[in-house]
Amino acid sequence: MDREISERVKILVIDDEEPIRRFLTASLETGEYQVIEAANGQIGIHAAVMHNPKLILLDLGLPDIDGLELTKEIRTWSQIPIIILSARGQESDKIKALDYGADDYITKPFSIGELLARIRVALRNTSHLREESLPVFDNGTIRVNFTTREVFREDTLVHLTPTEYKLLTVLTQSAGRVITHTQLLTKVWGEQQAEELHYLRIYMKQLRHKLEKDPARPAFFTTEPGIGYRFRT
Amino acid sequence: MKHRLAPSLLLQSTTRALGITLAASILCAAMFPFFALSNLSMIYLLGVTFAAARYGKMESILVSLFSILAMDFLFVPPRFSFVVSNDEFVITFIVMLVVSAVIGDLTSRVKQQAQIVSERERKVESERLHNTLLSSISHDFRTPLSTITGAVTTMIERGNFVDSTQKELLLMVREQSERLARIVRNVLDMTRVDSESINLNREWQSLEELLGVALEHCDRILGDRNVTISLSEDLPLLHLDGVLFEQLIVNLLENVGRHTPPNARIVIRSQKVEEFVIFEIEDDGPGIAAGEEEKIFKKLYRISSNGSTGQGLGLAICRSIVLAHGGTIIAGRGELQGALFRISIPHHEMQKVIGV
């Protein structure tokens with residue numbers, strides 16, 4: 001069923017590589033999305049103001065404005081979800097972009113399925129029905145009752161320490177999205193402990209062992225090396 | 001350069017030496033009326049130094065010999081004969097010889113060292129250029145590869161194949177474009193990891209996590225192979241470059257996937273042994289040919305016998321990454337009678353490192 005043009009969700013693609021823009025337009029404009037293309041940062045900002053897209057796909061390697069600067073700039077006047085398109089091996093840039101307010105990233109080459117999933121998560125987080133306002137989190141295997149503070153794995157009650165519970169809560173709030181080490185540490189342990197990566201590693205391991213069927217091949221608590229974690233939905 | 005006294009070389013050296021001595025002699029002749037003989041010997045020493053700096057040891061020796069003869073014949077009384085009137089001059093000549101020898105030796109040694117340094121610099125420069133070229137070519141490959149992989153994966157995900165042949169062809173395109181992407185990735189990694197100043201971004205890492213990421217990356221290439229994982233309970237966190245280490249595990253798993261039959265068994269284990277953490281991957285495949293256990297880590301090594309066409313960088317990169325972390329990696333035969341790769345990484349006690 002084709003949506004009316006006006007109902008389609010506008011996505012702004014800012015990438016200087018024409019083949020990438022073509023690929024994204026062809027793959028995304030299959031029903032629910034409408035793509036607006038911008039070949040550099042200036043055009044991108046202009047398009048963002050003009051068309052008011054619901055989401056921006058932003059390439060880090062732009063010729064005129066640094067992608068990180070662009071992220072910062074957009075964040076000064078909009079909370080529009082931004083997904084970074086990056087190449088392999090740019091971890092510090094990805095972290096910076098995420099810390100400046102980008103919502104997620106995806107590494108080239110990627111499949112459109114992967115990108116669609118991340119787009120869906122990013123769009124959902126901006127809707128007024130945020131996960132954190134719901135009393136229960138349930139992804140089919142792991143269920144968290146925020147009122148009673150009970151955690152179930154496939155209907156079996158699992159005992160978590162207060163810190164483990166807090167970590168799990170923060171993760172459920174950003175389910176499907178990447179969250180950097182710093183963001184996690186700050187939210188669970190506070191700003192003072194933002195550098196204590198080993199705490200995070202130890203507690204993530206404990207969560208994996210308590211809540212994953214196979215902790216060495218996690219289905220939910222996945223790692224993004226050099227960047228952070230992603231609690232998959 | 002060793003002394004190759006080929007006749008033509010000797011002739012060349014002699015000619016040069018004669019020329020220098022002649023020049024020095026002419027200069028001395030011009031100065032003779034005004035200067036003492038001892039000062040003239042300095043001119044000849046200049047000639048020796050010039051010969052050593054400009055040409056080499058042979059020339060400087062010859063110039064010193066010719067110079068003594070020339071000075072004796074032309075200037076030392078009685079002039080125009082080799083007889084020496086005063087025994088003092090014999091000492092002068094001996095001292096000249098000794099000084100010439102020392103000057104000649106020192107100058108040629110300095111020259112040699114300068115040559116070695118400039119050769120080394122040239123080698124470093126050429127390798128840097130080589131890496132830059134490889135890296136820039138590989139970067140140029142990335143957008144086309146990303147686009148191809150993205151497009152074909154999208155087509156496969158959408159389904160709706162015209163027939164099974166089309167599906168098969170699309171799967172092939174994806175498989176081969178992923179293979180190309182692997183090669184490009186390995187070349188880029190090699191240029192990064194090859195340079196002596198490899199920049200490790202060390203952080204506390206969990207081996208279990210990195211293994212999980214690697215296994216997911218290699219899901220398709222490992223296929224239906226049975227993978228057993230056994231990580232000991234007391235494994236400490238390791239201070240590693242997570243991105244590189246995950247890449248290393250991926251390379252090892254890809255290697256296993258390429259060289260074992262589709263239903264092979266794979267065992268991955270890790271345990272702490274005193275100061276080290278041992279990480280092993282072994283399979284029940286055909287194993288490594290005897291005698292090749294070290295060679296497989298060389299760049300561009302290729303197994304020609306079983307027709308496997310892996311490019312030879314994956315394991316070389318593994319070794320570079322392991323070495324950069326102060327560890328070792330060896331290959332051999334495991335209990336399952338297939339290949340075994342064993343990595344040994346020194347672990348720092350956390351307390352020591354974070355000062356707790």
# chains A, B, ... in the order shown; residues from 1 in each chain; ligands from 1
>>> select_by_dssp(residues="range 46-90 of chain B", states="helix (DSSP H, G or I)", output="ChimeraX atom specification")
/B:46-54,57-74,88-90
>>> write_last_selection(atoms="N, CA, C and O atoms", output="short mmCIF file (atom, residue, chain, number, x, y, z; two decimals), in the first residue's frame")
data_model
loop_
_atom_site.label_atom_id
_atom_site.label_comp_id
_atom_site.auth_asym_id
_atom_site.auth_seq_id
_atom_site.Cartn_x
_atom_site.Cartn_y
_atom_site.Cartn_z
N LEU B 46 96.14 18.00 2.29
CA LEU B 46 94.83 18.43 1.79
C LEU B 46 94.38 17.53 0.64
O LEU B 46 93.22 17.14 0.55
N GLY B 47 95.37 17.25 -0.21
CA GLY B 47 95.06 16.38 -1.34
C GLY B 47 94.59 15.01 -0.87
O GLY B 47 93.64 14.42 -1.41
N VAL B 48 95.26 14.48 0.16
CA VAL B 48 94.85 13.17 0.70
C VAL B 48 93.43 13.23 1.24
O VAL B 48 92.60 12.35 0.97
N THR B 49 93.14 14.30 1.99
CA THR B 49 91.80 14.44 2.57
C THR B 49 90.74 14.54 1.47
O THR B 49 89.69 13.90 1.52
N PHE B 50 91.07 15.32 0.47
CA PHE B 50 90.14 15.49 -0.65
C PHE B 50 89.87 14.14 -1.31
O PHE B 50 88.73 13.79 -1.61
N ALA B 51 90.97 13.38 -1.53
CA ALA B 51 90.81 12.07 -2.18
C ALA B 51 89.94 11.15 -1.34
O ALA B 51 89.07 10.43 -1.85
N ALA B 52 90.14 11.18 -0.01
CA ALA B 52 89.36 10.30 0.87
C ALA B 52 87.88 10.69 0.87
O ALA B 52 87.00 9.84 0.82
N ALA B 53 87.64 12.01 0.92
CA ALA B 53 86.25 12.47 0.99
C ALA B 53 85.53 12.28 -0.33
O ALA B 53 84.38 11.85 -0.38
N ARG B 54 86.23 12.61 -1.41
CA ARG B 54 85.55 12.60 -2.71
C ARG B 54 85.46 11.20 -3.31
O ARG B 54 84.48 10.85 -3.94
N LYS B 57 89.01 5.11 0.01
CA LYS B 57 90.24 4.75 0.70
C LYS B 57 91.40 4.49 -0.26
O LYS B 57 92.53 4.92 -0.01
N MET B 58 91.08 3.79 -1.35
CA MET B 58 92.12 3.45 -2.32
C MET B 58 92.81 4.70 -2.82
O MET B 58 94.04 4.81 -2.83
N GLU B 59 91.96 5.66 -3.24
CA GLU B 59 92.51 6.91 -3.78
C GLU B 59 93.33 7.64 -2.74
O GLU B 59 94.39 8.20 -3.05
N SER B 60 92.88 7.65 -1.50
CA SER B 60 93.62 8.42 -0.49
C SER B 60 94.98 7.78 -0.22
O SER B 60 95.99 8.48 -0.03
N ILE B 61 95.02 6.42 -0.22
CA ILE B 61 96.32 5.74 -0.03
C ILE B 61 97.25 6.08 -1.17
O ILE B 61 98.43 6.46 -0.97
N LEU B 62 96.74 6.00 -2.40
CA LEU B 62 97.57 6.27 -3.57
C LEU B 62 98.06 7.72 -3.56
O LEU B 62 99.23 8.00 -3.84
N VAL B 63 97.16 8.64 -3.23
CA VAL B 63 97.56 10.05 -3.20
C VAL B 63 98.65 10.27 -2.17
O VAL B 63 99.62 11.00 -2.40
N SER B 64 98.55 9.62 -1.03
CA SER B 64 99.58 9.86 -0.01
C SER B 64 100.93 9.31 -0.48
O SER B 64 101.96 9.95 -0.29
N LEU B 65 100.89 8.15 -1.18
CA LEU B 65 102.15 7.60 -1.71
C LEU B 65 102.73 8.52 -2.78
O LEU B 65 103.92 8.89 -2.73
N PHE B 66 101.87 8.89 -3.74
CA PHE B 66 102.33 9.76 -4.83
C PHE B 66 102.82 11.10 -4.28
O PHE B 66 103.77 11.69 -4.77
N SER B 67 102.09 11.58 -3.27
CA SER B 67 102.44 12.89 -2.73
C SER B 67 103.83 12.88 -2.13
O SER B 67 104.63 13.81 -2.31
N ILE B 68 104.13 11.80 -1.39
CA ILE B 68 105.46 11.71 -0.78
C ILE B 68 106.54 11.67 -1.86
O ILE B 68 107.54 12.40 -1.78
N LEU B 69 106.29 10.87 -2.91
CA LEU B 69 107.25 10.79 -4.01
C LEU B 69 107.40 12.15 -4.69
O LEU B 69 108.51 12.61 -4.97
N ALA B 70 106.26 12.79 -4.93
CA ALA B 70 106.29 14.08 -5.62
C ALA B 70 107.04 15.11 -4.79
O ALA B 70 107.90 15.85 -5.29
N MET B 71 106.72 15.15 -3.52
CA MET B 71 107.35 16.13 -2.65
C MET B 71 108.86 15.90 -2.57
O MET B 71 109.68 16.85 -2.63
N ASP B 72 109.19 14.63 -2.45
CA ASP B 72 110.61 14.27 -2.39
C ASP B 72 111.33 14.72 -3.66
O ASP B 72 112.35 15.40 -3.63
N PHE B 73 110.74 14.36 -4.81
CA PHE B 73 111.40 14.62 -6.08
C PHE B 73 111.44 16.11 -6.41
O PHE B 73 112.48 16.65 -6.81
N LEU B 74 110.28 16.76 -6.23
CA LEU B 74 110.16 18.12 -6.73
C LEU B 74 110.74 19.18 -5.79
O LEU B 74 111.26 20.18 -6.24
N GLU B 88 116.00 14.39 8.38
CA GLU B 88 114.74 14.91 8.93
C GLU B 88 113.57 14.59 8.01
O GLU B 88 112.47 14.29 8.46
N PHE B 89 113.86 14.72 6.71
CA PHE B 89 112.75 14.57 5.77
C PHE B 89 112.19 13.16 5.75
O PHE B 89 111.03 12.94 5.42
N VAL B 90 113.05 12.19 6.11
CA VAL B 90 112.53 10.82 6.19
C VAL B 90 111.43 10.76 7.24
O VAL B 90 110.38 10.16 7.05
#
>>> residues_around(residues="range 209-218 of chain A", least_positions_apart="3", cutoff="10 Å", atoms="only C-alpha atoms", output="PDB file with N, CA and C atoms, in the first residue's frame")
ATOM      1  N   THR A 141      12.236 -11.843  25.756  1.00  0.00           N
ATOM      2  CA  THR A 141      13.031 -12.754  26.585  1.00  0.00           C
ATOM      3  C   THR A 141      13.301 -12.136  27.949  1.00  0.00           C
ATOM      4  N   ILE A 142      13.670 -10.853  27.908  1.00  0.00           N
ATOM      5  CA  ILE A 142      13.982 -10.172  29.159  1.00  0.00           C
ATOM      6  C   ILE A 142      12.841  -9.215  29.492  1.00  0.00           C
ATOM      7  N   VAL A 151      13.233  -8.450  37.676  1.00  0.00           N
ATOM      8  CA  VAL A 151      13.766  -8.747  36.351  1.00  0.00           C
ATOM      9  C   VAL A 151      13.568 -10.229  36.069  1.00  0.00           C
ATOM     10  N   PHE A 152      13.020 -10.515  34.901  1.00  0.00           N
ATOM     11  CA  PHE A 152      12.774 -11.910  34.532  1.00  0.00           C
ATOM     12  C   PHE A 152      13.495 -12.256  33.250  1.00  0.00           C
ATOM     13  N   ARG A 153      14.030 -13.469  33.228  1.00  0.00           N
ATOM     14  CA  ARG A 153      14.565 -13.985  31.992  1.00  0.00           C
ATOM     15  C   ARG A 153      13.721 -15.198  31.649  1.00  0.00           C
ATOM     16  N   GLU A 154      12.958 -15.040  30.569  1.00  0.00           N
ATOM     17  CA  GLU A 154      12.034 -16.106  30.182  1.00  0.00           C
ATOM     18  C   GLU A 154      11.225 -16.581  31.371  1.00  0.00           C
ATOM     19  N   VAL A 158      15.277 -13.226  38.091  1.00  0.00           N
ATOM     20  CA  VAL A 158      16.736 -13.166  38.180  1.00  0.00           C
ATOM     21  C   VAL A 158      17.112 -12.116  39.215  1.00  0.00           C
ATOM     22  N   HIS A 159      18.041 -12.470  40.072  1.00  0.00           N
ATOM     23  CA  HIS A 159      18.435 -11.502  41.099  1.00  0.00           C
ATOM     24  C   HIS A 159      19.586 -10.632  40.590  1.00  0.00           C
ATOM     25  N   LEU A 160      19.377  -9.321  40.620  1.00  0.00           N
ATOM     26  CA  LEU A 160      20.435  -8.398  40.210  1.00  0.00           C
ATOM     27  C   LEU A 160      20.828  -7.507  41.377  1.00  0.00           C
ATOM     28  N   TYR A 203      30.624  -5.197  35.073  1.00  0.00           N
ATOM     29  CA  TYR A 203      29.175  -5.280  35.267  1.00  0.00           C
ATOM     30  C   TYR A 203      28.441  -5.752  34.025  1.00  0.00           C
ATOM     31  N   MET A 204      28.931  -5.378  32.844  1.00  0.00           N
ATOM     32  CA  MET A 204      28.321  -5.873  31.619  1.00  0.00           C
ATOM     33  C   MET A 204      28.487  -7.383  31.564  1.00  0.00           C
ATOM     34  N   LYS A 205      29.644  -7.861  31.989  1.00  0.00           N
ATOM     35  CA  LYS A 205      29.858  -9.307  31.982  1.00  0.00           C
ATOM     36  C   LYS A 205      28.859  -9.986  32.908  1.00  0.00           C
ATOM     37  N   GLN A 206      28.641  -9.378  34.076  1.00  0.00           N
ATOM     38  CA  GLN A 206      27.697  -9.980  35.015  1.00  0.00           C
ATOM     39  C   GLN A 206      26.286 -10.008  34.432  1.00  0.00           C
ATOM     40  N   PHE A 221      22.992  -7.982  24.793  1.00  0.00           N
ATOM     41  CA  PHE A 221      24.038  -7.093  25.323  1.00  0.00           C
ATOM     42  C   PHE A 221      25.256  -7.164  24.410  1.00  0.00           C
ATOM     43  N   THR A 222      25.201  -6.411  23.299  1.00  0.00           N
ATOM     44  CA  THR A 222      26.290  -6.524  22.325  1.00  0.00           C
ATOM     45  C   THR A 222      27.283  -5.373  22.463  1.00  0.00           C
ATOM     46  N   THR A 223      28.511  -5.668  22.062  1.00  0.00           N
ATOM     47  CA  THR A 223      29.614  -4.720  22.204  1.00  0.00           C
ATOM     48  C   THR A 223      29.919  -4.049  20.881  1.00  0.00           C
ATOM     49  N   PHE A 231      22.197  -2.314  23.314  1.00  0.00           N
ATOM     50  CA  PHE A 231      21.258  -3.279  23.865  1.00  0.00           C
ATOM     51  C   PHE A 231      20.225  -3.535  22.797  1.00  0.00           C
ATOM     52  N   ARG A 232      20.367  -4.681  22.139  1.00  0.00           N
ATOM     53  CA  ARG A 232      19.548  -4.951  20.968  1.00  0.00           C
ATOM     54  C   ARG A 232      18.117  -5.273  21.336  1.00  0.00           C
TER      55      ARG A 232
ATOM     56  N   LEU B 207      37.829 -10.274  26.936  1.00  0.00           N
ATOM     57  CA  LEU B 207      38.059 -11.172  25.810  1.00  0.00           C
ATOM     58  C   LEU B 207      36.746 -11.787  25.344  1.00  0.00           C
ATOM     59  N   GLU B 208      35.873 -12.058  26.306  1.00  0.00           N
ATOM     60  CA  GLU B 208      34.573 -12.636  25.982  1.00  0.00           C
ATOM     61  C   GLU B 208      33.805 -11.709  25.044  1.00  0.00           C
ATOM     62  N   GLU B 209      33.862 -10.396  25.324  1.00  0.00           N
ATOM     63  CA  GLU B 209      33.134  -9.449  24.479  1.00  0.00           C
ATOM     64  C   GLU B 209      33.712  -9.399  23.080  1.00  0.00           C
ATOM     65  N   LEU B 210      35.049  -9.291  23.002  1.00  0.00           N
ATOM     66  CA  LEU B 210      35.681  -9.173  21.689  1.00  0.00           C
ATOM     67  C   LEU B 210      35.424 -10.430  20.870  1.00  0.00           C
ATOM     68  N   LEU B 211      35.441 -11.569  21.548  1.00  0.00           N
ATOM     69  CA  LEU B 211      35.165 -12.824  20.860  1.00  0.00           C
ATOM     70  C   LEU B 211      33.750 -12.821  20.316  1.00  0.00           C
ATOM     71  N   GLY B 212      32.815 -12.323  21.128  1.00  0.00           N
ATOM     72  CA  GLY B 212      31.424 -12.264  20.689  1.00  0.00           C
ATOM     73  C   GLY B 212      31.256 -11.430  19.425  1.00  0.00           C
ATOM     74  N   VAL B 213      31.928 -10.278  19.405  1.00  0.00           N
ATOM     75  CA  VAL B 213      31.829  -9.417  18.223  1.00  0.00           C
ATOM     76  C   VAL B 213      32.417 -10.121  17.005  1.00  0.00           C
ATOM     77  N   ALA B 214      33.581 -10.740  17.201  1.00  0.00           N
ATOM     78  CA  ALA B 214      34.250 -11.422  16.090  1.00  0.00           C
ATOM     79  C   ALA B 214      33.397 -12.561  15.552  1.00  0.00           C
ATOM     80  N   LEU B 215      32.791 -13.330  16.462  1.00  0.00           N
ATOM     81  CA  LEU B 215      31.965 -14.458  16.013  1.00  0.00           C
ATOM     82  C   LEU B 215      30.789 -13.963  15.187  1.00  0.00           C
ATOM     83  N   GLU B 216      30.237 -12.820  15.599  1.00  0.00           N
ATOM     84  CA  GLU B 216      29.117 -12.309  14.824  1.00  0.00           C
ATOM     85  C   GLU B 216      29.556 -11.839  13.440  1.00  0.00           C
ATOM     86  N   ILE B 229      32.953 -22.900  22.893  1.00  0.00           N
ATOM     87  CA  ILE B 229      33.726 -21.841  23.545  1.00  0.00           C
ATOM     88  C   ILE B 229      33.923 -22.188  24.993  1.00  0.00           C
ATOM     89  N   SER B 230      35.170 -22.057  25.443  1.00  0.00           N
ATOM     90  CA  SER B 230      35.447 -22.389  26.831  1.00  0.00           C
ATOM     91  C   SER B 230      36.391 -21.337  27.404  1.00  0.00           C
ATOM     92  N   LEU B 231      35.822 -20.355  28.091  1.00  0.00           N
ATOM     93  CA  LEU B 231      36.636 -19.292  28.679  1.00  0.00           C
ATOM     94  C   LEU B 231      36.664 -19.468  30.189  1.00  0.00           C
TER      95      LEU B 231
END
>>> closest_residue(among="B:Ala24, B:Ala339, B:Ile268, B:Ile91", to="chain A", atoms="only C-alpha atoms")
B:Ile268
>>> select_by_dssp(residues="chain A", states="strand (DSSP E or B)", output="number ranges by chain")
A: 9-14, 33-38, 55-59, 82-86, 104-107, 136-138, 142-145, 150-153, 156-158, 178-180, 221-224, 228-231
>>> write_last_selection(atoms="N, CA and C atoms", output="short mmCIF file (atom, residue, chain, number, x, y, z; two decimals), in the first residue's frame")
data_model
loop_
_atom_site.label_atom_id
_atom_site.label_comp_id
_atom_site.auth_asym_id
_atom_site.auth_seq_id
_atom_site.Cartn_x
_atom_site.Cartn_y
_atom_site.Cartn_z
N VAL A 9 7.80 9.77 5.63
CA VAL A 9 8.73 10.39 6.57
C VAL A 9 9.95 10.90 5.81
N LYS A 10 10.28 12.18 6.01
CA LYS A 10 11.40 12.77 5.27
C LYS A 10 12.72 12.46 5.95
N ILE A 11 13.65 11.91 5.15
CA ILE A 11 14.99 11.68 5.65
C ILE A 11 15.97 12.50 4.82
N LEU A 12 16.83 13.24 5.48
CA LEU A 12 17.83 14.05 4.78
C LEU A 12 19.14 13.29 4.77
N VAL A 13 19.70 13.09 3.58
CA VAL A 13 20.98 12.40 3.44
C VAL A 13 22.04 13.43 3.07
N ILE A 14 23.05 13.58 3.94
CA ILE A 14 24.14 14.51 3.65
C ILE A 14 25.41 13.69 3.44
N TYR A 33 9.47 6.12 3.38
CA TYR A 33 10.42 7.22 3.51
C TYR A 33 10.55 8.02 2.24
N GLN A 34 10.86 9.30 2.41
CA GLN A 34 11.17 10.14 1.27
C GLN A 34 12.56 10.73 1.53
N VAL A 35 13.43 10.65 0.53
CA VAL A 35 14.81 11.06 0.76
C VAL A 35 15.08 12.41 0.11
N ILE A 36 15.72 13.30 0.89
CA ILE A 36 16.21 14.56 0.35
C ILE A 36 17.73 14.46 0.37
N GLU A 37 18.36 14.77 -0.77
CA GLU A 37 19.81 14.61 -0.85
C GLU A 37 20.53 15.93 -0.71
N ALA A 38 21.69 15.89 -0.04
CA ALA A 38 22.54 17.08 0.04
C ALA A 38 23.99 16.62 -0.16
N LEU A 55 14.69 12.92 10.18
CA LEU A 55 15.94 12.25 10.54
C LEU A 55 17.02 12.65 9.54
N ILE A 56 18.26 12.70 10.03
CA ILE A 56 19.37 13.04 9.14
C ILE A 56 20.38 11.90 9.11
N LEU A 57 20.78 11.50 7.90
CA LEU A 57 21.89 10.57 7.74
C LEU A 57 23.09 11.42 7.33
N LEU A 58 24.10 11.44 8.17
CA LEU A 58 25.20 12.38 7.96
C LEU A 58 26.52 11.65 7.79
N ASP A 59 27.19 11.91 6.67
CA ASP A 59 28.51 11.31 6.45
C ASP A 59 29.56 12.17 7.17
N ILE A 82 20.03 12.10 14.45
CA ILE A 82 21.11 12.08 13.48
C ILE A 82 21.80 10.73 13.54
N ILE A 83 21.92 10.07 12.38
CA ILE A 83 22.68 8.84 12.30
C ILE A 83 23.91 9.11 11.45
N ILE A 84 25.07 8.80 12.01
CA ILE A 84 26.33 9.07 11.32
C ILE A 84 26.66 7.92 10.37
N LEU A 85 27.07 8.25 9.14
CA LEU A 85 27.57 7.24 8.22
C LEU A 85 29.09 7.35 8.27
N SER A 86 29.75 6.27 8.68
CA SER A 86 31.19 6.40 8.83
C SER A 86 31.90 5.24 8.17
N ASP A 104 23.12 7.71 16.65
CA ASP A 104 23.64 6.39 16.33
C ASP A 104 24.61 6.54 15.17
N TYR A 105 25.21 5.43 14.80
CA TYR A 105 26.11 5.46 13.66
C TYR A 105 25.96 4.14 12.92
N ILE A 106 26.43 4.12 11.68
CA ILE A 106 26.51 2.86 10.96
C ILE A 106 27.75 2.91 10.09
N THR A 107 28.43 1.75 10.02
CA THR A 107 29.72 1.72 9.33
C THR A 107 29.58 1.15 7.93
N VAL A 136 6.93 -1.14 32.23
CA VAL A 136 7.52 -2.46 31.99
C VAL A 136 8.33 -2.44 30.71
N PHE A 137 9.44 -3.13 30.72
CA PHE A 137 10.19 -3.34 29.49
C PHE A 137 10.15 -4.83 29.18
N ASP A 138 9.81 -5.15 27.95
CA ASP A 138 9.72 -6.57 27.60
C ASP A 138 10.16 -6.75 26.16
N ILE A 142 13.67 -10.85 27.91
CA ILE A 142 13.98 -10.17 29.16
C ILE A 142 12.84 -9.21 29.49
N ARG A 143 12.35 -9.34 30.71
CA ARG A 143 11.25 -8.48 31.13
C ARG A 143 11.66 -7.75 32.40
N VAL A 144 11.48 -6.42 32.39
CA VAL A 144 11.82 -5.64 33.58
C VAL A 144 10.58 -4.90 34.04
N ASN A 145 10.24 -5.09 35.31
CA ASN A 145 9.12 -4.36 35.89
C ASN A 145 9.70 -3.23 36.73
N GLU A 150 11.55 -5.92 39.47
CA GLU A 150 11.82 -7.33 39.24
C GLU A 150 12.30 -7.55 37.81
N VAL A 151 13.23 -8.45 37.68
CA VAL A 151 13.77 -8.75 36.35
C VAL A 151 13.57 -10.23 36.07
N PHE A 152 13.02 -10.51 34.90
CA PHE A 152 12.77 -11.91 34.53
C PHE A 152 13.49 -12.26 33.25
N ARG A 153 14.03 -13.47 33.23
CA ARG A 153 14.57 -13.98 31.99
C ARG A 153 13.72 -15.20 31.65
N THR A 156 11.70 -16.53 34.42
CA THR A 156 12.39 -16.92 35.66
C THR A 156 12.93 -15.66 36.31
N LEU A 157 12.66 -15.48 37.57
CA LEU A 157 13.13 -14.29 38.28
C LEU A 157 14.65 -14.35 38.39
N VAL A 158 15.28 -13.23 38.09
CA VAL A 158 16.74 -13.17 38.18
C VAL A 158 17.11 -12.12 39.21
N VAL A 178 23.12 2.79 19.98
CA VAL A 178 24.43 2.64 20.59
C VAL A 178 24.54 3.61 21.76
N ILE A 179 25.26 3.24 22.79
CA ILE A 179 25.50 4.15 23.90
C ILE A 179 26.98 4.05 24.25
N THR A 180 27.65 5.20 24.34
CA THR A 180 29.10 5.17 24.52
C THR A 180 29.46 4.79 25.96
N PHE A 221 22.99 -7.98 24.79
CA PHE A 221 24.04 -7.09 25.32
C PHE A 221 25.26 -7.16 24.41
N THR A 222 25.20 -6.41 23.30
CA THR A 222 26.29 -6.52 22.33
C THR A 222 27.28 -5.37 22.46
N THR A 223 28.51 -5.67 22.06
CA THR A 223 29.61 -4.72 22.20
C THR A 223 29.92 -4.05 20.88
N GLU A 224 30.21 -2.77 20.92
CA GLU A 224 30.71 -2.06 19.74
C GLU A 224 32.13 -1.64 20.08
N GLY A 228 31.26 1.55 22.49
CA GLY A 228 30.36 1.39 23.62
C GLY A 228 29.59 0.09 23.52
N TYR A 229 28.31 0.17 23.82
CA TYR A 229 27.46 -1.02 23.77
C TYR A 229 26.16 -0.71 23.05
N ARG A 230 25.49 -1.80 22.67
CA ARG A 230 24.17 -1.64 22.07
C ARG A 230 23.29 -2.71 22.66
N PHE A 231 22.20 -2.31 23.31
CA PHE A 231 21.26 -3.28 23.86
C PHE A 231 20.23 -3.54 22.80
#
>>> interface_residues(of="chain B", to="chain A", cutoff="10 Å", atoms="only C-alpha atoms", output="JSON, numbers by chain")
{"B": [139, 142, 143, 144, 145, 146, 147, 148, 149, 150, 151, 152, 153, 154, 155, 156, 157, 158, 178, 181, 185, 188, 189, 201, 202, 203, 204, 205, 206, 207, 208, 209, 210, 211, 212, 213, 214, 215, 216, 229, 230, 231, 236, 237, 238, 239, 241, 242, 243, 244, 245, 246, 350, 354]}
